[in-house]
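J.: I am sharing target.txt, which consists of compact mmCIF, N, CA, C and O atoms:
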# COMPACT_ATOMS: atom_id res chain seq x y z
N MET A 16 193.87 -44.98 203.41
CA MET A 16 193.96 -44.02 202.34
C MET A 16 193.31 -42.70 202.73
O MET A 16 193.50 -41.70 202.07
N GLY A 17 192.57 -42.67 203.81
CA GLY A 17 191.90 -41.45 204.22
C GLY A 17 192.80 -40.52 205.01
O GLY A 17 192.33 -39.57 205.62
N ASN A 18 194.07 -40.81 205.03
CA ASN A 18 195.02 -40.00 205.77
C ASN A 18 195.09 -38.59 205.18
O ASN A 18 195.27 -38.42 203.98
N PRO A 19 194.94 -37.54 206.00
CA PRO A 19 195.00 -36.18 205.47
C PRO A 19 196.35 -35.84 204.83
O PRO A 19 196.41 -35.05 203.88
N ASP A 20 197.41 -36.45 205.34
CA ASP A 20 198.73 -36.20 204.75
C ASP A 20 198.79 -36.74 203.33
O ASP A 20 199.39 -36.13 202.44
N LEU A 21 198.18 -37.89 203.10
CA LEU A 21 198.15 -38.46 201.75
C LEU A 21 197.33 -37.59 200.80
O LEU A 21 197.72 -37.39 199.65
N ARG A 22 196.21 -37.08 201.29
CA ARG A 22 195.39 -36.20 200.44
C ARG A 22 196.17 -34.94 200.09
O ARG A 22 196.13 -34.48 198.94
N ARG A 23 196.88 -34.39 201.06
CA ARG A 23 197.68 -33.19 200.81
C ARG A 23 198.77 -33.49 199.79
O ARG A 23 198.98 -32.72 198.85
N LEU A 24 199.43 -34.63 199.95
CA LEU A 24 200.48 -35.00 199.01
C LEU A 24 199.91 -35.27 197.61
O LEU A 24 200.52 -34.87 196.61
N ASP A 25 198.76 -35.91 197.54
CA ASP A 25 198.14 -36.15 196.23
C ASP A 25 197.81 -34.83 195.54
O ASP A 25 198.01 -34.69 194.33
N ARG A 26 197.32 -33.86 196.31
CA ARG A 26 197.01 -32.55 195.75
C ARG A 26 198.28 -31.86 195.26
O ARG A 26 198.31 -31.28 194.17
N GLU A 27 199.36 -31.96 196.02
CA GLU A 27 200.63 -31.37 195.60
C GLU A 27 201.18 -32.06 194.35
O GLU A 27 201.74 -31.42 193.47
N ILE A 28 201.03 -33.38 194.28
CA ILE A 28 201.50 -34.13 193.11
C ILE A 28 200.74 -33.69 191.86
O ILE A 28 201.34 -33.44 190.81
N ARG A 29 199.41 -33.57 191.98
CA ARG A 29 198.62 -33.12 190.83
C ARG A 29 199.03 -31.71 190.40
O ARG A 29 199.15 -31.42 189.21
N SER A 30 199.25 -30.85 191.37
CA SER A 30 199.65 -29.48 191.07
C SER A 30 201.00 -29.44 190.36
O SER A 30 201.18 -28.72 189.37
N THR A 31 201.95 -30.22 190.85
CA THR A 31 203.28 -30.26 190.24
C THR A 31 203.24 -30.85 188.84
O THR A 31 203.95 -30.39 187.94
N GLU A 32 202.39 -31.86 188.64
CA GLU A 32 202.25 -32.43 187.30
C GLU A 32 201.68 -31.40 186.32
O GLU A 32 202.12 -31.32 185.18
N LYS A 33 200.71 -30.61 186.79
CA LYS A 33 200.15 -29.55 185.93
C LYS A 33 201.22 -28.53 185.58
O LYS A 33 201.31 -28.07 184.44
N LYS A 34 202.03 -28.16 186.56
CA LYS A 34 203.11 -27.20 186.31
C LYS A 34 204.11 -27.75 185.31
O LYS A 34 204.57 -27.04 184.41
N LEU A 35 204.45 -29.02 185.46
CA LEU A 35 205.41 -29.65 184.55
C LEU A 35 204.89 -29.66 183.12
O LEU A 35 205.62 -29.34 182.18
N GLU A 36 203.62 -30.01 182.95
CA GLU A 36 203.04 -30.00 181.61
C GLU A 36 203.01 -28.59 181.03
O GLU A 36 203.24 -28.40 179.84
N ALA A 37 202.73 -27.60 181.87
CA ALA A 37 202.71 -26.21 181.40
C ALA A 37 204.10 -25.76 180.95
O ALA A 37 204.23 -25.07 179.93
N VAL A 38 205.13 -26.16 181.68
CA VAL A 38 206.50 -25.80 181.29
C VAL A 38 206.84 -26.47 179.96
O VAL A 38 207.46 -25.86 179.09
N ARG A 39 206.42 -27.70 179.79
CA ARG A 39 206.69 -28.41 178.53
C ARG A 39 205.98 -27.76 177.35
O ARG A 39 206.46 -27.82 176.22
N ARG A 40 204.83 -27.12 177.63
CA ARG A 40 204.11 -26.41 176.57
C ARG A 40 204.69 -25.02 176.32
O ARG A 40 204.27 -24.33 175.40
N GLY A 41 205.61 -24.56 177.17
CA GLY A 41 206.24 -23.27 176.98
C GLY A 41 205.58 -22.14 177.74
O GLY A 41 205.86 -20.96 177.49
N GLU A 42 204.71 -22.46 178.68
CA GLU A 42 204.05 -21.42 179.47
C GLU A 42 204.99 -20.92 180.56
O GLU A 42 205.88 -21.65 181.01
N LEU A 43 204.77 -19.67 180.99
CA LEU A 43 205.68 -19.06 181.96
C LEU A 43 205.15 -19.07 183.39
O LEU A 43 205.92 -18.85 184.33
N TRP A 44 203.86 -19.30 183.62
CA TRP A 44 203.30 -19.17 184.96
C TRP A 44 203.89 -20.12 185.98
O TRP A 44 203.98 -19.76 187.16
N PRO A 45 204.36 -21.34 185.63
CA PRO A 45 204.89 -22.20 186.69
C PRO A 45 206.33 -21.87 187.09
O PRO A 45 206.84 -22.44 188.05
N LEU A 46 206.98 -20.96 186.39
CA LEU A 46 208.38 -20.66 186.70
C LEU A 46 208.48 -19.89 188.01
O LEU A 46 207.60 -19.11 188.35
N ASN A 47 209.59 -20.09 188.72
CA ASN A 47 209.81 -19.31 189.93
C ASN A 47 210.41 -17.94 189.53
O ASN A 47 210.67 -17.67 188.35
N GLY A 48 210.64 -17.09 190.50
CA GLY A 48 211.08 -15.72 190.22
C GLY A 48 212.40 -15.66 189.47
O GLY A 48 212.56 -14.87 188.53
N ARG A 49 213.34 -16.46 189.88
CA ARG A 49 214.66 -16.46 189.23
C ARG A 49 214.55 -16.86 187.76
O ARG A 49 215.16 -16.26 186.88
N GLU A 50 213.75 -17.91 187.51
CA GLU A 50 213.58 -18.39 186.14
C GLU A 50 212.83 -17.37 185.28
O GLU A 50 213.16 -17.16 184.11
N ARG A 51 211.83 -16.70 185.88
CA ARG A 51 211.11 -15.66 185.14
C ARG A 51 212.03 -14.50 184.76
O ARG A 51 211.95 -13.98 183.65
N ARG A 52 212.86 -14.10 185.70
CA ARG A 52 213.81 -13.01 185.41
C ARG A 52 214.77 -13.41 184.31
O ARG A 52 215.07 -12.61 183.42
N ALA A 53 215.25 -14.65 184.34
CA ALA A 53 216.17 -15.12 183.30
C ALA A 53 215.49 -15.13 181.94
O ALA A 53 216.09 -14.74 180.93
N MET A 54 214.23 -15.55 181.89
CA MET A 54 213.49 -15.57 180.63
C MET A 54 213.27 -14.15 180.12
O MET A 54 213.44 -13.88 178.92
N ALA A 55 212.89 -13.24 181.01
CA ALA A 55 212.65 -11.86 180.60
C ALA A 55 213.95 -11.22 180.10
O ALA A 55 213.96 -10.49 179.09
N ARG A 56 215.04 -11.49 180.80
CA ARG A 56 216.33 -10.95 180.39
C ARG A 56 216.74 -11.48 179.01
O ARG A 56 217.19 -10.73 178.16
N ALA A 57 216.55 -12.78 178.80
CA ALA A 57 216.90 -13.37 177.51
C ALA A 57 216.01 -12.83 176.39
O ALA A 57 216.49 -12.53 175.29
N ALA A 58 214.71 -12.66 176.68
CA ALA A 58 213.80 -12.13 175.67
C ALA A 58 214.16 -10.69 175.32
O ALA A 58 214.15 -10.30 174.15
N ALA A 59 214.49 -9.90 176.34
CA ALA A 59 214.85 -8.50 176.09
C ALA A 59 216.14 -8.39 175.29
O ALA A 59 216.21 -7.62 174.32
N SER A 60 217.14 -9.15 175.66
CA SER A 60 218.41 -9.08 174.93
C SER A 60 218.25 -9.62 173.51
O SER A 60 218.82 -9.08 172.56
N GLY A 61 217.43 -10.66 173.34
CA GLY A 61 217.19 -11.21 172.01
C GLY A 61 216.45 -10.23 171.12
O GLY A 61 216.81 -10.05 169.94
N SER A 62 215.44 -9.57 171.67
CA SER A 62 214.70 -8.61 170.86
C SER A 62 215.57 -7.40 170.53
O SER A 62 215.47 -6.85 169.42
N TYR A 63 216.45 -7.00 171.44
CA TYR A 63 217.36 -5.89 171.18
C TYR A 63 218.30 -6.25 170.03
O TYR A 63 218.53 -5.45 169.12
N ARG A 64 218.83 -7.46 170.08
CA ARG A 64 219.76 -7.88 169.02
C ARG A 64 219.04 -8.01 167.67
O ARG A 64 219.60 -7.63 166.63
N VAL A 65 217.82 -8.51 167.69
CA VAL A 65 217.06 -8.62 166.44
C VAL A 65 216.76 -7.23 165.89
O VAL A 65 216.84 -6.99 164.68
N ALA A 66 216.42 -6.31 166.77
CA ALA A 66 216.13 -4.94 166.33
C ALA A 66 217.37 -4.30 165.71
O ALA A 66 217.25 -3.44 164.82
N ARG A 67 218.53 -4.70 166.15
CA ARG A 67 219.78 -4.17 165.59
C ARG A 67 220.25 -4.95 164.36
O ARG A 67 221.30 -4.66 163.81
N GLY A 68 219.49 -5.96 163.97
CA GLY A 68 219.81 -6.71 162.77
C GLY A 68 220.78 -7.84 162.99
O GLY A 68 221.41 -8.32 162.05
N ARG A 69 220.93 -8.30 164.23
CA ARG A 69 221.84 -9.39 164.51
C ARG A 69 221.06 -10.64 164.92
O ARG A 69 219.86 -10.61 165.09
N SER A 70 221.78 -11.71 165.12
CA SER A 70 221.16 -12.98 165.47
C SER A 70 220.83 -13.02 166.96
O SER A 70 221.58 -12.51 167.80
N ALA A 71 219.72 -13.65 167.29
CA ALA A 71 219.30 -13.81 168.69
C ALA A 71 219.57 -15.23 169.18
O ALA A 71 218.91 -15.70 170.10
N GLY A 72 220.54 -15.90 168.58
CA GLY A 72 220.80 -17.30 168.91
C GLY A 72 221.16 -17.53 170.35
O GLY A 72 220.68 -18.48 170.99
N ARG A 73 222.00 -16.67 170.92
CA ARG A 73 222.41 -16.87 172.31
C ARG A 73 221.22 -16.69 173.26
O ARG A 73 221.08 -17.42 174.23
N ALA A 74 220.37 -15.72 172.97
CA ALA A 74 219.19 -15.50 173.80
C ALA A 74 218.24 -16.69 173.72
O ALA A 74 217.65 -17.10 174.73
N GLU A 75 218.08 -17.24 172.53
CA GLU A 75 217.22 -18.41 172.38
C GLU A 75 217.78 -19.60 173.15
O GLU A 75 217.03 -20.33 173.81
N ASN A 76 219.10 -19.76 173.10
CA ASN A 76 219.73 -20.85 173.87
C ASN A 76 219.51 -20.65 175.37
O ASN A 76 219.28 -21.61 176.11
N GLN A 77 219.60 -19.39 175.82
CA GLN A 77 219.39 -19.10 177.23
C GLN A 77 217.96 -19.41 177.65
O GLN A 77 217.72 -19.97 178.72
N MET A 78 217.00 -19.08 176.80
CA MET A 78 215.60 -19.38 177.12
C MET A 78 215.36 -20.88 177.16
O MET A 78 214.65 -21.38 178.05
N GLU A 79 215.95 -21.62 176.23
CA GLU A 79 215.81 -23.08 176.24
C GLU A 79 216.46 -23.69 177.47
O GLU A 79 215.92 -24.62 178.08
N ALA A 80 217.62 -23.16 177.86
CA ALA A 80 218.31 -23.68 179.05
C ALA A 80 217.50 -23.40 180.31
O ALA A 80 217.41 -24.25 181.21
N THR A 81 216.89 -22.21 180.38
CA THR A 81 216.06 -21.88 181.54
C THR A 81 214.84 -22.78 181.61
O THR A 81 214.48 -23.28 182.69
N ALA A 82 214.19 -23.02 180.48
CA ALA A 82 213.02 -23.91 180.46
C ALA A 82 213.43 -25.34 180.85
O ALA A 82 212.71 -26.02 181.58
N SER A 83 214.58 -25.76 180.37
CA SER A 83 215.07 -27.10 180.72
C SER A 83 215.36 -27.21 182.21
O SER A 83 215.05 -28.23 182.84
N ALA A 84 215.95 -26.16 182.78
CA ALA A 84 216.24 -26.17 184.22
C ALA A 84 214.94 -26.20 185.03
O ALA A 84 214.86 -26.89 186.06
N ALA A 85 213.93 -25.47 184.58
CA ALA A 85 212.64 -25.48 185.28
C ALA A 85 212.01 -26.87 185.20
O ALA A 85 211.45 -27.37 186.19
N GLU A 86 212.11 -27.51 184.05
CA GLU A 86 211.57 -28.86 183.89
C GLU A 86 212.30 -29.84 184.80
O GLU A 86 211.67 -30.69 185.45
N THR A 87 213.61 -29.71 184.89
CA THR A 87 214.39 -30.58 185.78
C THR A 87 214.00 -30.36 187.23
O THR A 87 213.85 -31.33 187.99
N ARG A 88 213.82 -29.10 187.62
CA ARG A 88 213.43 -28.79 189.00
C ARG A 88 212.07 -29.40 189.32
O ARG A 88 211.89 -30.02 190.39
N LEU A 89 211.12 -29.25 188.42
CA LEU A 89 209.78 -29.80 188.66
C LEU A 89 209.79 -31.33 188.67
O LEU A 89 209.07 -31.95 189.46
N ASN A 90 210.62 -31.93 187.84
CA ASN A 90 210.75 -33.41 187.88
C ASN A 90 211.31 -33.86 189.22
O ASN A 90 210.86 -34.87 189.78
N ALA A 91 212.29 -33.13 189.73
CA ALA A 91 212.87 -33.48 191.03
C ALA A 91 211.82 -33.33 192.15
O ALA A 91 211.73 -34.18 193.05
N GLU A 92 211.03 -32.26 192.09
CA GLU A 92 209.97 -32.07 193.08
C GLU A 92 208.96 -33.21 193.02
O GLU A 92 208.52 -33.72 194.05
N LEU A 93 208.60 -33.60 191.80
CA LEU A 93 207.63 -34.67 191.62
C LEU A 93 208.17 -36.00 192.16
O LEU A 93 207.45 -36.74 192.84
N THR A 94 209.43 -36.27 191.91
CA THR A 94 210.05 -37.49 192.42
C THR A 94 210.06 -37.49 193.95
O THR A 94 209.74 -38.51 194.59
N ALA A 95 210.39 -36.35 194.53
CA ALA A 95 210.40 -36.25 195.99
C ALA A 95 209.01 -36.44 196.57
O ALA A 95 208.83 -37.12 197.60
N LEU A 96 208.00 -35.86 195.94
CA LEU A 96 206.64 -36.02 196.42
C LEU A 96 206.17 -37.47 196.32
O LEU A 96 205.52 -37.99 197.25
N HIS A 97 206.51 -38.14 195.21
CA HIS A 97 206.13 -39.55 195.07
C HIS A 97 206.82 -40.42 196.13
O HIS A 97 206.20 -41.32 196.70
N SER A 98 208.09 -40.16 196.39
CA SER A 98 208.80 -40.96 197.39
C SER A 98 208.25 -40.69 198.79
O SER A 98 208.14 -41.62 199.60
N GLU A 99 207.88 -39.45 199.08
CA GLU A 99 207.27 -39.14 200.38
C GLU A 99 205.91 -39.83 200.53
O GLU A 99 205.59 -40.36 201.59
N ARG A 100 205.14 -39.87 199.46
CA ARG A 100 203.84 -40.55 199.49
C ARG A 100 204.04 -42.04 199.74
O ARG A 100 203.32 -42.65 200.53
N GLN A 101 205.03 -42.62 199.07
CA GLN A 101 205.30 -44.05 199.26
C GLN A 101 205.74 -44.33 200.69
O GLN A 101 205.35 -45.33 201.29
N ARG A 102 206.55 -43.42 201.25
CA ARG A 102 207.00 -43.59 202.63
C ARG A 102 205.82 -43.57 203.59
O ARG A 102 205.72 -44.39 204.51
N LEU A 103 204.88 -42.62 203.37
CA LEU A 103 203.70 -42.54 204.24
C LEU A 103 202.83 -43.79 204.11
O LEU A 103 202.31 -44.29 205.12
N LEU A 104 202.66 -44.28 202.89
CA LEU A 104 201.88 -45.50 202.71
C LEU A 104 202.52 -46.68 203.42
O LEU A 104 201.84 -47.46 204.10
N THR A 105 203.82 -46.83 203.28
CA THR A 105 204.53 -47.93 203.93
C THR A 105 204.43 -47.82 205.45
O THR A 105 204.20 -48.82 206.14
N GLU A 106 204.56 -46.61 205.94
CA GLU A 106 204.49 -46.37 207.38
C GLU A 106 203.11 -46.72 207.92
O GLU A 106 202.98 -47.38 208.97
N SER A 107 202.05 -46.31 207.22
CA SER A 107 200.70 -46.61 207.70
C SER A 107 200.40 -48.10 207.59
O SER A 107 199.73 -48.67 208.47
N ALA A 108 200.91 -48.76 206.55
CA ALA A 108 200.69 -50.21 206.42
C ALA A 108 201.42 -50.95 207.53
O ALA A 108 200.90 -51.92 208.10
N ARG A 109 202.62 -50.49 207.86
CA ARG A 109 203.38 -51.12 208.94
C ARG A 109 202.66 -50.94 210.27
O ARG A 109 202.57 -51.87 211.09
N ALA A 110 202.10 -49.75 210.50
CA ALA A 110 201.38 -49.50 211.75
C ALA A 110 200.12 -50.35 211.82
O ALA A 110 199.77 -50.88 212.89
N LYS A 111 199.45 -50.52 210.68
CA LYS A 111 198.24 -51.33 210.65
C LYS A 111 198.57 -52.80 210.93
O LYS A 111 197.87 -53.48 211.67
N ALA A 112 199.66 -53.28 210.34
CA ALA A 112 200.07 -54.67 210.58
C ALA A 112 200.48 -54.87 212.03
O ALA A 112 200.17 -55.90 212.64
N GLN A 113 201.16 -53.89 212.58
CA GLN A 113 201.57 -53.96 214.00
C GLN A 113 200.34 -54.01 214.90
O GLN A 113 200.28 -54.79 215.84
N LYS A 114 199.35 -53.20 214.58
CA LYS A 114 198.13 -53.16 215.39
C LYS A 114 197.38 -54.49 215.30
O LYS A 114 196.86 -54.99 216.29
N LYS A 115 197.34 -55.06 214.10
CA LYS A 115 196.65 -56.34 213.89
C LYS A 115 197.37 -57.47 214.63
O LYS A 115 196.75 -58.32 215.25
N SER A 116 198.69 -57.47 214.57
CA SER A 116 199.44 -58.57 215.17
C SER A 116 199.45 -58.49 216.69
O SER A 116 199.67 -59.49 217.37
N SER A 117 199.20 -57.32 217.24
CA SER A 117 199.24 -57.21 218.69
C SER A 117 197.85 -57.41 219.30
O SER A 117 197.64 -57.13 220.47
N GLY A 118 196.90 -57.90 218.51
CA GLY A 118 195.55 -58.14 219.01
C GLY A 118 195.48 -59.35 219.94
O GLY A 118 196.49 -60.03 220.16
N TRP A 119 194.31 -59.60 220.44
CA TRP A 119 194.16 -60.68 221.39
C TRP A 119 194.39 -62.02 220.73
O TRP A 119 194.95 -62.93 221.32
N TRP A 120 193.94 -62.17 219.49
CA TRP A 120 194.12 -63.43 218.79
C TRP A 120 195.46 -63.40 218.18
O TRP A 120 196.07 -63.98 217.56
Could you render the structure from this file as structure tokens?

T.:
Amino acid sequence: MGNPDLRRLDREIRSTEKKLEAVRRGELWPLNGRERRAMARAAASGSYRVARGRSAGRAENQMEATASAAETRLNAELTALHSERQRLLTESARAKAQKKSSGWW
């Protein structure tokens, strides 16, 4: 368990989990550049339409879709990190078993 790769992966997993929770709470800091631009564009167009006395429904839908896409992206990253961690654990266990079985006894 003292493998530096595992520690790095654990740190990345914790970071991604924090980002995912922040996106679920509606925070903008974990979004990437494309998602931030889409949110800003939707907010600007929605506020413009509201200022003109019209409905901002389409802008709200766009913001929800962008947040949903960010959540999906972070879930995929988290799944990939977990599978990579499991692969490293399996690999190190296999190497340890190989080392034990090739001993003198």

J.: Go through region 21-59 of chain A residue by residue and, counting only N, CA, C and O atoms, keep those with an atom at most 7 Å from region 63-78 of chain A; for each kept residue give the shortest atom pair and its distance in Å to one decimal, ordered by chain and increasing number, as JSON lines.

T.:
{"residue": "A:Ala53", "atom": "O", "partner": "A:Gln77", "partner_atom": "O", "distance": 5.9}
{"residue": "A:Met54", "atom": "CA", "partner": "A:Met78", "partner_atom": "CA", "distance": 5.6}
{"residue": "A:Arg56", "atom": "O", "partner": "A:Ala74", "partner_atom": "CA", "distance": 6.8}
{"residue": "A:Ala57", "atom": "O", "partner": "A:Ala74", "partner_atom": "CA", "distance": 4.3}
{"residue": "A:Ala58", "atom": "O", "partner": "A:Tyr63", "partner_atom": "N", "distance": 4.9}
{"residue": "A:Ala59", "atom": "O", "partner": "A:Tyr63", "partner_atom": "N", "distance": 3.0}

J.: Take CA of Pro19 (chain A) and CA of Ala91 (chain A) and report the distance between them in Å, one decimal.

T.: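 About the pair CA of Pro19 (chain A) and CA of Ala91 (chain A): they are 23.1 Å apart.
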
J.: Enter the distance from atom N of Ala95 (chain A) to atom N of Ala55 (chain A), in Å, rounded to one decimal.

T.: 26.9 Å

J.: By how many Å are atom C of Glu106 (chain A) and atom O of Asp25 (chain A) apart?

T.: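 Taking atom C of Glu106 (chain A) and atom O of Asp25 (chain A), their separation equals 18.9 Å.
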
J.: Where in chain A does DSSP assign alpha helix (DSSP H), given as a PyMOL selection string?

T.: chain A and resi 19-40+48-66+72-116

J.: Could you check the closest approach to Ala82 (chain A) for each of A:Ile28, A:Leu21, A:Leu104, A:Leu46 and tell me which residue wins, using only C-alpha atoms?

T.: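 Between A:Ile28, A:Leu21, A:Leu104, A:Leu46, the residue approaching Ala82 (chain A) most closely is A:Leu46.
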
J.: Just the residues within 6 Å of Lys34 (chain A), please, counting only N, CA, C and O atoms, with nothing from its chain fewer than 5 positions along; format it as a list in words.

T.: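 Residues near the query, excluding close chain neighbours: Arg29, Arg39 and Pro45 of chain A.
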